[in-house]
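Raw contents of structure-v5.tsv, TSV, C-alpha atoms and all ligand atoms:
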```tsv
chain	number	residue	atom	x	y	z
A	1333	MET	CA	-4.39	-15.76	11.00
A	1334	ILE	CA	-1.71	-16.24	8.41
A	1335	CYS	CA	1.02	-18.63	9.48
A	1336	HIS	CA	3.98	-20.47	8.06
A	1337	SER	CA	1.95	-23.56	7.16
A	1338	TYR	CA	-0.50	-21.41	5.21
A	1339	LEU	CA	2.37	-19.71	3.38
A	1340	ALA	CA	3.88	-23.08	2.51
A	1341	ILE	CA	0.55	-24.22	1.03
A	1342	ALA	CA	0.33	-21.01	-0.99
A	1343	GLY	CA	3.85	-21.68	-2.29
A	1344	ILE	CA	5.33	-18.60	-0.63
A	1345	LYS	CA	8.65	-18.80	1.12
A	1346	PRO	CA	7.84	-17.42	4.58
A	1347	ASN	CA	10.85	-15.18	4.21
A	1348	TYR	CA	9.08	-12.97	1.72
A	1349	MET	CA	6.45	-11.60	4.01
A	1350	LEU	CA	7.20	-9.29	6.88
A	1351	LYS	CA	4.96	-10.70	9.57
A	1352	ASN	CA	3.13	-9.25	12.52
A	1353	LEU	CA	2.66	-5.84	10.96
A	1354	TRP	CA	-0.32	-3.86	9.70
A	1355	TYR	CA	-0.59	-3.72	5.91
A	1356	ALA	CA	-2.59	-0.91	4.30
A	1357	VAL	CA	-4.65	-2.93	1.82
A	1358	GLU	CA	-7.63	-0.96	0.52
A	1359	PHE	CA	-9.19	2.48	0.48
A	1360	SER	CA	-11.75	2.99	3.23
A	1361	ASP	CA	-14.40	4.17	0.82
A	1362	ALA	CA	-14.03	1.03	-1.32
A	1363	VAL	CA	-15.54	-1.14	1.42
A	1364	THR	CA	-19.26	-0.90	2.03
A	1365	THR	CA	-21.99	-3.19	3.30
A	1366	HIS	CA	-21.46	-5.26	0.14
A	1367	PRO	CA	-18.76	-7.95	0.24
A	1368	THR	CA	-15.45	-6.93	-1.39
A	1369	LEU	CA	-12.79	-9.40	-2.50
A	1370	LEU	CA	-9.23	-8.69	-1.39
A	1371	LYS	CA	-6.22	-10.60	-2.69
A	1372	ILE	CA	-3.04	-10.35	-0.68
A	1373	PHE	CA	0.06	-12.55	-0.77
A	1374	ASP	CA	-1.84	-15.04	-2.96
A	1375	ARG	CA	-4.58	-15.32	-0.36
A	1376	GLU	CA	-8.24	-14.35	-0.88
A	1377	LEU	CA	-10.17	-12.52	1.80
A	1378	VAL	CA	-13.56	-10.87	1.90
A	1379	LEU	CA	-14.03	-7.45	3.47
A	1380	TYR	CA	-17.33	-5.86	4.42
A	1381	ARG	CA	-18.71	-3.18	6.69
A	1382	THR	CA	-21.24	-3.93	9.43
A	1383	SER	CA	-24.19	-1.67	10.30
A	1384	ASP	CA	-22.14	0.05	13.05
A	1385	GLY	CA	-19.49	0.97	10.46
A	1386	HIS	CA	-16.82	-1.54	11.48
A	1387	ILE	CA	-14.85	-3.44	8.86
A	1388	GLN	CA	-14.66	-7.24	8.96
A	1389	ALA	CA	-12.05	-9.37	7.20
A	1390	MET	CA	-12.67	-13.07	6.69
A	1391	ALA	CA	-11.26	-15.86	4.56
A	1392	ASN	CA	-13.10	-15.89	1.22
A	1393	ALA	CA	-13.52	-19.64	0.66
A	1394	CYS	CA	-16.56	-20.92	2.59
A	1395	VAL	CA	-15.66	-23.78	4.96
A	1396	HIS	CA	-18.58	-25.84	3.61
A	1397	ARG	CA	-17.63	-26.31	-0.06
A	1398	GLY	CA	-15.28	-23.42	-0.75
A	1399	ALA	CA	-17.60	-21.07	-2.64
A	1400	ALA	CA	-16.49	-17.42	-2.65
A	1401	LEU	CA	-18.14	-15.42	0.12
A	1402	ALA	CA	-17.27	-12.28	-1.83
A	1403	ASN	CA	-20.02	-13.30	-4.26
A	1404	GLY	CA	-22.53	-13.51	-1.42
A	1405	TRP	CA	-24.39	-10.79	0.44
A	1406	ILE	CA	-24.85	-9.29	3.90
A	1407	ASP	CA	-27.90	-10.02	6.02
A	1408	ARG	CA	-28.09	-8.30	9.43
A	1409	ASP	CA	-24.28	-8.06	9.66
A	1410	CYS	CA	-23.80	-11.71	8.70
A	1411	ILE	CA	-22.13	-12.63	5.44
A	1412	VAL	CA	-24.23	-15.14	3.52
A	1413	CYS	CA	-22.59	-17.72	1.26
A	1414	PRO	CA	-24.21	-17.70	-2.20
A	1415	TYR	CA	-23.97	-21.51	-2.58
A	1416	HIS	CA	-26.07	-22.94	0.29
A	1417	GLY	CA	-26.87	-19.81	2.24
A	1418	TRP	CA	-24.83	-20.43	5.38
A	1419	HIS	CA	-24.68	-17.27	7.51
A	1420	TYR	CA	-21.45	-16.24	9.25
A	1421	GLN	CA	-21.45	-13.50	11.84
A	1422	PRO	CA	-18.55	-11.00	12.15
A	1423	ASP	CA	-16.54	-13.24	14.51
A	1424	GLY	CA	-16.59	-15.91	11.79
A	1425	SER	CA	-18.95	-18.36	13.51
A	1426	CYS	CA	-21.80	-19.85	11.49
A	1427	VAL	CA	-25.19	-18.93	12.95
A	1428	LYS	CA	-27.51	-20.32	10.28
A	1429	ILE	CA	-27.50	-23.33	7.97
A	1430	PRO	CA	-30.76	-23.16	6.03
A	1431	SER	CA	-30.86	-26.87	5.11
A	1432	ILE	CA	-30.79	-28.03	8.73
A	1433	THR	CA	-34.16	-29.00	10.14
A	1434	THR	CA	-33.00	-30.65	13.35
A	1435	GLY	CA	-29.73	-30.68	15.28
A	1436	ASN	CA	-27.10	-28.07	15.96
A	1437	ILE	CA	-24.75	-26.10	13.80
A	1438	PRO	CA	-21.34	-27.85	13.99
A	1439	LYS	CA	-18.78	-25.92	16.03
A	1440	SER	CA	-16.28	-26.28	13.20
A	1441	ALA	CA	-18.58	-24.27	10.92
A	1442	ARG	CA	-16.45	-21.19	11.41
A	1443	MET	CA	-14.51	-18.90	9.11
A	1444	THR	CA	-11.08	-17.53	10.05
A	1445	THR	CA	-11.00	-13.77	10.56
A	1446	ASP	CA	-8.14	-11.25	10.48
A	1447	PRO	CA	-7.68	-8.15	12.64
A	1448	VAL	CA	-8.53	-5.02	10.71
A	1449	GLN	CA	-8.46	-1.26	11.40
A	1450	GLU	CA	-9.35	1.86	9.50
A	1451	LYS	CA	-7.26	5.03	9.50
A	1452	TYR	CA	-6.05	7.78	7.16
A	1453	GLY	CA	-8.42	6.74	4.38
A	1454	TRP	CA	-7.10	3.18	4.23
A	1455	ILE	CA	-8.07	-0.18	5.66
A	1456	TRP	CA	-5.23	-1.93	7.49
A	1457	LEU	CA	-4.95	-5.67	7.85
A	1458	PHE	CA	-2.76	-7.37	10.41
A	1459	LEU	CA	-0.88	-10.24	8.83
A	1460	GLY	CA	0.97	-12.43	11.21
A	1461	ASP	CA	0.78	-14.96	13.96
A	1462	GLY	CA	1.57	-12.75	16.93
A	1463	SER	CA	-0.83	-12.55	19.83
A	1464	PRO	CA	-2.90	-9.35	20.04
A	1465	GLY	CA	-0.74	-7.99	22.88
A	1466	GLU	CA	2.27	-7.99	20.58
A	1467	ILE	CA	0.52	-6.21	17.73
A	1468	PRO	CA	2.35	-2.94	17.05
A	1469	SER	CA	0.28	0.15	16.46
A	1470	LEU	CA	-0.26	1.78	13.07
A	1471	PRO	CA	2.17	4.38	11.80
A	1472	ASN	CA	1.43	7.94	12.80
A	1473	PHE	CA	0.92	10.42	9.93
A	1474	PRO	CA	-0.52	13.53	11.60
A	1475	GLN	CA	0.02	15.62	8.47
A	1476	VAL	CA	-2.53	13.51	6.59
A	1477	GLU	CA	-5.26	14.81	8.87
A	1478	ALA	CA	-4.61	18.50	8.14
A	1479	SER	CA	-7.89	19.88	6.87
A	1480	ASN	CA	-6.53	22.57	4.54
A	1481	LEU	CA	-5.34	20.01	2.02
A	1482	ARG	CA	-7.03	18.94	-1.16
A	1483	SER	CA	-6.76	15.21	-1.65
A	1484	ILE	CA	-7.38	12.80	-4.47
A	1485	GLN	CA	-6.75	9.09	-4.65
A	1486	GLY	CA	-6.11	6.47	-7.29
A	1487	GLU	CA	-4.62	3.09	-8.07
A	1488	PHE	CA	-1.82	1.81	-10.25
A	1489	ASP	CA	-1.13	-1.82	-11.29
A	1490	TRP	CA	2.31	-3.33	-11.62
A	1491	ASN	CA	3.51	-6.70	-12.85
A	1492	ALA	CA	6.25	-6.56	-10.25
A	1493	ASN	CA	6.93	-7.54	-6.68
A	1494	TYR	CA	5.79	-4.95	-4.14
A	1495	GLU	CA	9.27	-4.53	-2.67
A	1496	ARG	CA	10.74	-3.53	-6.05
A	1497	VAL	CA	7.85	-1.08	-6.41
A	1498	LEU	CA	8.35	0.24	-2.88
A	1499	GLU	CA	12.07	0.70	-3.40
A	1500	ASN	CA	11.43	2.63	-6.59
A	1501	GLY	CA	9.55	5.08	-4.39
A	1502	LEU	CA	12.71	5.55	-2.32
A	1503	ASP	CA	15.03	6.06	-5.27
A	1504	PHE	CA	16.24	9.59	-6.00
A	1505	ALA	CA	18.87	8.86	-8.62
A	1506	HIS	CA	16.43	7.60	-11.27
A	1507	ALA	CA	14.54	10.91	-11.59
A	1508	PRO	CA	16.88	12.54	-14.15
A	1509	PHE	CA	16.66	9.41	-16.32
A	1510	VAL	CA	13.17	8.00	-15.93
A	1511	HIS	CA	11.35	11.27	-15.23
A	1512	ALA	CA	13.32	13.57	-17.54
A	1513	GLY	CA	10.07	14.44	-19.31
A	1514	ALA	CA	8.33	15.39	-16.04
A	1515	PHE	CA	10.42	16.81	-13.17
A	1516	GLY	CA	13.84	15.13	-13.44
A	1517	ASN	CA	16.70	17.20	-14.82
A	1518	PRO	CA	18.98	15.05	-17.00
A	1519	ASP	CA	21.74	17.68	-16.93
A	1520	LEU	CA	22.08	17.51	-13.13
A	1521	PRO	CA	21.97	13.87	-12.03
A	1522	GLN	CA	24.13	14.31	-8.89
A	1523	ILE	CA	22.48	13.54	-5.55
A	1524	ALA	CA	24.23	15.45	-2.78
A	1525	ASP	CA	23.77	15.69	0.97
A	1526	LEU	CA	21.18	13.02	1.51
A	1527	GLU	CA	19.85	13.44	5.04
A	1528	ILE	CA	18.53	10.19	6.49
A	1529	GLU	CA	16.06	10.29	9.37
A	1530	ASN	CA	15.04	7.14	11.24
A	1531	PHE	CA	11.72	6.89	13.05
A	1532	ALA	CA	9.68	4.17	14.74
A	1533	GLU	CA	8.06	2.65	11.62
A	1534	GLY	CA	10.67	3.36	8.98
A	1535	ALA	CA	13.01	6.03	7.62
A	1536	SER	CA	13.10	8.99	5.27
A	1537	ALA	CA	15.66	10.96	3.32
A	1538	THR	CA	15.65	14.62	2.29
A	1539	VAL	CA	17.53	16.07	-0.67
A	1540	HIS	CA	17.41	19.13	-2.87
A	1541	LEU	CA	16.71	17.83	-6.35
A	1542	ALA	CA	17.53	19.76	-9.50
A	1543	ALA	CA	14.28	20.25	-11.39
A	1544	THR	CA	13.17	21.31	-14.84
A	1545	PRO	CA	10.87	24.31	-15.35
A	1546	PRO	CA	7.25	23.56	-14.48
A	1547	GLN	CA	4.91	22.44	-17.20
A	1548	GLY	CA	1.17	22.63	-17.85
A	1549	LEU	CA	-1.01	24.21	-15.15
A	1550	TRP	CA	1.92	24.66	-12.79
A	1551	LYS	CA	3.36	27.28	-15.17
A	1552	LEU	CA	0.65	29.59	-13.84
A	1553	LEU	CA	2.24	29.48	-10.41
A	1554	VAL	CA	5.90	29.94	-11.17
A	1555	ARG	CA	7.90	31.19	-14.13
A	1556	GLY	CA	11.35	30.46	-15.43
A	1557	GLU	CA	14.01	28.17	-14.09
A	1558	ARG	CA	13.34	26.42	-10.83
A	1559	ALA	CA	15.70	26.39	-7.90
A	1560	PRO	CA	16.44	22.91	-6.56
A	1561	ILE	CA	13.34	21.45	-4.96
A	1562	LYS	CA	13.44	20.13	-1.42
A	1563	THR	CA	12.11	16.60	-1.59
A	1564	ARG	CA	11.60	14.15	1.24
A	1565	THR	CA	10.77	10.55	0.64
A	1566	GLY	CA	10.45	7.64	3.00
A	1567	PHE	CA	8.76	4.41	3.97
A	1568	CYS	CA	6.66	3.09	6.82
A	1569	LEU	CA	6.89	-0.67	7.18
A	1570	PRO	CA	5.61	-2.84	5.80
A	1571	ASN	CA	4.14	-1.37	2.61
A	1572	ILE	CA	3.85	2.44	2.61
A	1573	THR	CA	6.01	5.01	0.87
A	1574	PHE	CA	5.58	8.75	0.97
A	1575	LEU	CA	6.88	11.66	-1.02
A	1576	GLU	CA	6.84	15.30	0.10
A	1577	VAL	CA	7.71	17.89	-2.54
A	1578	TYR	CA	8.27	21.48	-1.37
A	1579	LEU	CA	7.40	23.42	-4.52
A	1580	PRO	CA	7.90	27.19	-4.68
A	1581	PHE	CA	4.11	27.57	-4.64
A	1582	GLY	CA	3.09	24.93	-2.10
A	1583	GLN	CA	3.50	21.42	-0.89
A	1584	LEU	CA	2.60	18.19	-2.61
A	1585	THR	CA	2.49	14.94	-0.61
A	1586	ILE	CA	1.79	11.50	-1.95
A	1587	TRP	CA	1.22	8.53	0.35
A	1588	THR	CA	1.17	5.18	-1.37
A	1589	ALA	CA	0.23	1.74	-0.05
A	1590	HIS	CA	1.85	-0.95	-2.22
A	1591	VAL	CA	-0.49	-3.92	-1.88
A	1592	PRO	CA	1.18	-7.31	-2.55
A	1593	ILE	CA	-1.47	-9.22	-4.52
A	1594	ASP	CA	1.01	-12.03	-5.11
A	1595	LEU	CA	4.77	-12.20	-5.48
A	1596	HIS	CA	4.66	-10.74	-8.99
A	1597	THR	CA	1.67	-8.41	-8.86
A	1598	THR	CA	1.23	-5.18	-6.91
A	1599	VAL	CA	-1.47	-2.54	-6.75
A	1600	SER	CA	-0.34	0.85	-5.50
A	1601	LYS	CA	-3.18	2.72	-3.81
A	1602	TRP	CA	-2.13	6.33	-3.52
A	1603	ILE	CA	-3.50	9.43	-1.82
A	1604	ASN	CA	-2.18	12.74	-3.10
A	1605	PHE	CA	-2.50	15.90	-0.96
A	1606	ARG	CA	-1.80	19.43	-2.18
A	1607	THR	CA	-1.79	22.84	-0.53
A	1608	PHE	CA	-2.22	24.76	-3.81
A	1609	PHE	CA	-4.94	24.73	-6.49
A	1610	THR	CA	-7.27	23.41	-3.81
A	1611	GLY	CA	-10.37	23.51	-6.02
A	1612	LYS	CA	-11.93	20.45	-7.58
A	1613	TRP	CA	-11.17	21.92	-11.01
A	1614	ALA	CA	-7.47	21.01	-10.60
A	1615	ASP	CA	-8.07	17.40	-9.51
A	1616	LYS	CA	-7.78	15.95	-12.99
A	1617	ASP	CA	-4.45	17.65	-13.56
A	1618	ALA	CA	-3.14	16.34	-10.20
A	1619	TYR	CA	-4.40	12.84	-11.05
A	1620	ASN	CA	-2.79	12.85	-14.47
A	1621	ARG	CA	0.55	14.07	-13.13
A	1622	THR	CA	0.63	11.24	-10.57
A	1623	ILE	CA	-0.27	8.55	-13.09
A	1624	LYS	CA	2.26	9.90	-15.59
A	1625	ILE	CA	5.06	9.41	-13.03
A	1626	PHE	CA	3.95	5.83	-12.29
A	1627	GLU	CA	3.74	5.11	-16.01
A	1628	GLN	CA	7.29	6.32	-16.52
A	1629	ASP	CA	8.45	4.02	-13.70
A	1630	LYS	CA	6.42	0.97	-14.77
A	1631	PRO	CA	8.54	-0.50	-17.63
A	1632	ILE	CA	11.74	-0.06	-15.62
A	1633	VAL	CA	10.42	-1.64	-12.42
A	1634	GLU	CA	8.76	-4.50	-14.30
A	1635	SER	CA	12.09	-5.22	-16.04
A	1636	GLN	CA	14.08	-5.68	-12.81
A	1637	ARG	CA	15.60	-9.11	-12.24
A	1638	PRO	CA	15.45	-10.95	-10.04
A	1639	GLN	CA	11.84	-9.97	-9.52
A	1640	LEU	CA	12.23	-10.30	-5.76
A	1641	ILE	CA	14.82	-8.19	-4.02
A	1642	PRO	CA	17.78	-10.29	-2.92
A	1643	ASP	CA	17.93	-11.44	0.69
A	1644	ASP	CA	21.66	-10.98	0.81
A	1645	LEU	CA	22.78	-7.38	1.13
A	1646	LYS	CA	25.93	-8.21	-0.83
A	1647	THR	CA	24.08	-9.26	-3.99
A	1648	GLU	CA	23.34	-5.81	-5.44
A	1649	LEU	CA	25.48	-2.66	-5.26
A	1650	TYR	CA	24.97	0.46	-3.21
A	1651	VAL	CA	26.22	4.00	-3.78
A	1652	PRO	CA	25.50	6.98	-1.49
A	1653	ALA	CA	22.30	7.87	-3.39
A	1654	ASP	CA	20.92	4.42	-2.46
A	1655	ALA	CA	21.16	5.07	1.28
A	1656	LEU	CA	17.41	5.01	1.89
A	1657	GLN	CA	16.89	1.76	-0.01
A	1658	LEU	CA	19.74	0.28	1.97
A	1659	GLN	CA	18.06	1.37	5.18
A	1660	TYR	CA	14.84	-0.34	4.04
A	1661	ARG	CA	16.73	-3.55	3.25
A	1662	LYS	CA	18.51	-3.52	6.59
A	1663	LEU	CA	15.26	-3.06	8.55
A	1664	ARG	CA	13.59	-5.76	6.48
A	1665	GLN	CA	16.53	-8.07	7.09
A	1666	TYR	CA	16.25	-7.43	10.80
A	1667	LEU	CA	12.51	-8.22	10.83
A	1668	LEU	CA	12.94	-11.39	8.81
A	1669	SER	CA	15.69	-12.78	11.02
A	1701	LIG	FE1	-20.84	-22.02	1.29
A	1701	LIG	FE2	-22.05	-24.33	0.92
A	1701	LIG	S1	-20.25	-23.62	0.00
A	1701	LIG	S2	-22.69	-22.66	2.11
A	1702	CO	CO	9.98	7.17	-10.37
```
Before we go any further, please render this structure as structure tokens.
Ligand code: FES
Ligand code: CO
Amino acid sequence: MICHSYLAIAGIKPNYMLKNLWYAVEFSDAVTTHPTLLKIFDRELVLYRTSDGHIQAMANACVHRGAALANGWIDRDCIVCPYHGWHYQPDGSCVKIPSITTGNIPKSARMTTDPVQEKYGWIWLFLGDGSPGEIPSLPNFPQVEASNLRSIQGEFDWNANYERVLENGLDFAHAPFVHAGAFGNPDLPQIADLEIENFAEGASATVHLAATPPQGLWKLLVRGERAPIKTRTGFCLPNITFLEVYLPFGQLTIWTAHVPIDLHTTVSKWINFRTFFTGKWADKDAYNRTIKIFEQDKPIVESQRPQLIPDDLKTELYVPADALQLQYRKLRQYLLS
């Protein structure tokens, strides 16, 4: 379990991690019966799947001499350290030390493990020091399970703190500036009638955004000027944002887990669902459109200073279009206090 003393060793001010929550950290299909390294909040873990399909999460540095378990292998559901071959079973206890000829395996030969779950195509890791009874459940996204949707997934790297990246996902007013070449309309930058909705894990806002005429493949589906597009965006604590775009020809939804590798590095793991062009042939176009948006955001988000969002709500300024970011900061503040 992660705790304040661990965070102090890692050089992280405890304040910067929202504790006792489930973080979406990896795509389900990225974890197999081979060990996978996961870096989160400067900490290294190893993930692997046992023969019954369950995911295990363990510290990566072997308790014997610190070799990386992620470079080892799996033998009958045990992870085997590549240095001296110690075997750890899924609960973290060591069950085999090959060099021992007589005597018992020391009780302290045990790796720390973290609670892990799998849902909605992601693996979720519980980071905190709460007892299991206090562990809140995962967010509920029933729409993700609708079977008529075509989905694709991908990753995007940022040299930025995950909270700056997450807040960029909640920001409507940048579209006419940063995304003028994609969907933002630079002639109509006003954001009117932002409707905020609060729910158990976070909040969302809905607006009607002025858009530019569709480009590329989407031209096949609609012609001419576009009416304002209903757009809903929101967050689920601690590290998910979502975007729902109600296009004249269908709905596009993007769920993104912003994984905090360290305080200055984030990997966004996104899943994009669409109700139109549901054939595989349109996947590349959908992928490219998503990456193009992230690439437009990247230089701006990486330029933000300070790199970490301020703790004090009075440090930066807020206008009505920032209402959703403000809601995020208030909830975060509440959880940190
Ligand atoms: Fe892992 Fe020795 S360092 S078994
Ligand atoms: Co953007």
Check which residues fall inside 10 Å of ligand LIG 1701 (chain A) when counting all atoms listed in the file, and print them as JSON, numbers by chain. {"A": [1392, 1393, 1394, 1395, 1396, 1397, 1398, 1399, 1400, 1401, 1404, 1412, 1413, 1414, 1415, 1416, 1417, 1418, 1419, 1420, 1426, 1428, 1429, 1430, 1431, 1441]}
Could you give me, as CSV, a per-residue list for chain A showing, wherever an atom lies at most 7 Å from an atom of ligand CO 1702 (chain A), the closest pair of atoms and their distance in Å to one decimal, using only C-alpha atoms and all ligand atoms and sorting by chain then residue number from low to high?
```
residue,atom,partner,partner_atom,distance
A:Asn1500,CA,A:CO1702,CO,6.1
A:Gly1501,CA,A:CO1702,CO,6.3
A:His1506,CA,A:CO1702,CO,6.5
A:Ala1507,CA,A:CO1702,CO,6.0
A:Val1510,CA,A:CO1702,CO,6.5
A:His1511,CA,A:CO1702,CO,6.5
A:Ile1625,CA,A:CO1702,CO,6.0
A:Phe1626,CA,A:CO1702,CO,6.5
A:Gln1628,CA,A:CO1702,CO,6.8
A:Asp1629,CA,A:CO1702,CO,4.8
```
Selection: 8 Å around Leu1369 of chain A, all atoms listed in the file, excl. self and same-chain fewer than 4 positions, as a list in words:
Glu1376, Leu1377, Val1378, Leu1379, Asn1392 and Ala1402 of chain A
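If only C-alpha atoms are the atoms counted, then among A:Leu1645, A:Gly1462, A:Lys1630, A:Tyr1452 the closest residue to Thr1598 of chain A is A:Lys1630.
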Q) Can you list, as a PyMOL selection string, every protein, DNA or RNA residue that comes within 8 Å of segment 1601-1615 of chain A when you count only C-alpha atoms, leaving out same-chain residues fewer than 3 positions away? A) chain A and resi 1358-1359+1476+1480-1488+1581-1591+1618-1619
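The space between atom CA of Tyr1660 of chain A and atom CA of Glu1499 of chain A spans 8.0 Å.
Across the model, the gap from atom CA of Leu1526 of chain A to atom CA of Glu1627 of chain A is 26.0 Å.
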Spatial neighbours of Trp1490 of chain A, 8 Å, all atoms listed in the file, chain gap at least 3 places, as an mmCIF file with C-alpha atoms, in the frame of the given file:
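To be explicit, this is the file written out as out-v1.cif:
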```cif
data_model
loop_
_atom_site.group_PDB
_atom_site.id
_atom_site.type_symbol
_atom_site.label_atom_id
_atom_site.label_comp_id
_atom_site.auth_asym_id
_atom_site.auth_seq_id
_atom_site.Cartn_x
_atom_site.Cartn_y
_atom_site.Cartn_z
ATOM 1 C CA ASN A 1493 6.930 -7.540 -6.680
ATOM 2 C CA VAL A 1497 7.850 -1.080 -6.410
ATOM 3 C CA THR A 1597 1.670 -8.410 -8.860
ATOM 4 C CA THR A 1598 1.230 -5.180 -6.910
ATOM 5 C CA VAL A 1599 -1.470 -2.540 -6.750
ATOM 6 C CA SER A 1600 -0.340 0.850 -5.500
ATOM 7 C CA LYS A 1630 6.420 0.970 -14.770
ATOM 8 C CA GLU A 1634 8.760 -4.500 -14.300
#
```
For Ser1383 of chain A, please output as number ranges by chain all residues within 8 Å (counting all atoms listed in the file; exclusion window: fewer than 4 positions along the same chain). A: 1365, 1408-1409
Just the residues within 10 Å of Ala1559 of chain A, please, counting only C-alpha atoms, with nothing from its chain fewer than 3 positions along; format it as JSON, numbers by chain.
{"A": [1540, 1541, 1542, 1543, 1544, 1545, 1556, 1562, 1579, 1580]}
Atom pair atom CA of Ala1492 of chain A + atom CA of His1366 of chain A, distance 29.6 Å
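Each of A:Leu1370, A:Val1357, A:Ile1411, A:Val1539 was checked against Phe1458 of chain A using only C-alpha atoms; the smallest atom-to-atom distance is that of A:Val1357.
Nearest-residue note for Glu1533 of chain A: choosing from A:Gln1659, A:Asp1361, A:Ile1372, A:Gly1435, the minimum distance belongs to A:Gln1659, counting only C-alpha atoms.
Distances from A:Leu1459, A:Leu1549, A:Leu1498, A:Ala1537 to Asp1617 of chain A were compared using only C-alpha atoms, and the smallest one belongs to A:Leu1549.
Candidate residues A:Arg1621, A:Ile1561, A:Thr1573, A:Ile1593 were compared for distance to Gly1513 of chain A, and the nearest is A:Arg1621, using all atoms listed in the file.
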The residue from A:Thr1565, A:Asn1491, A:Pro1631, A:Gly1385 with the smallest atom-to-atom distance to Phe1504 of chain A, counting all atoms listed in the file, is A:Thr1565
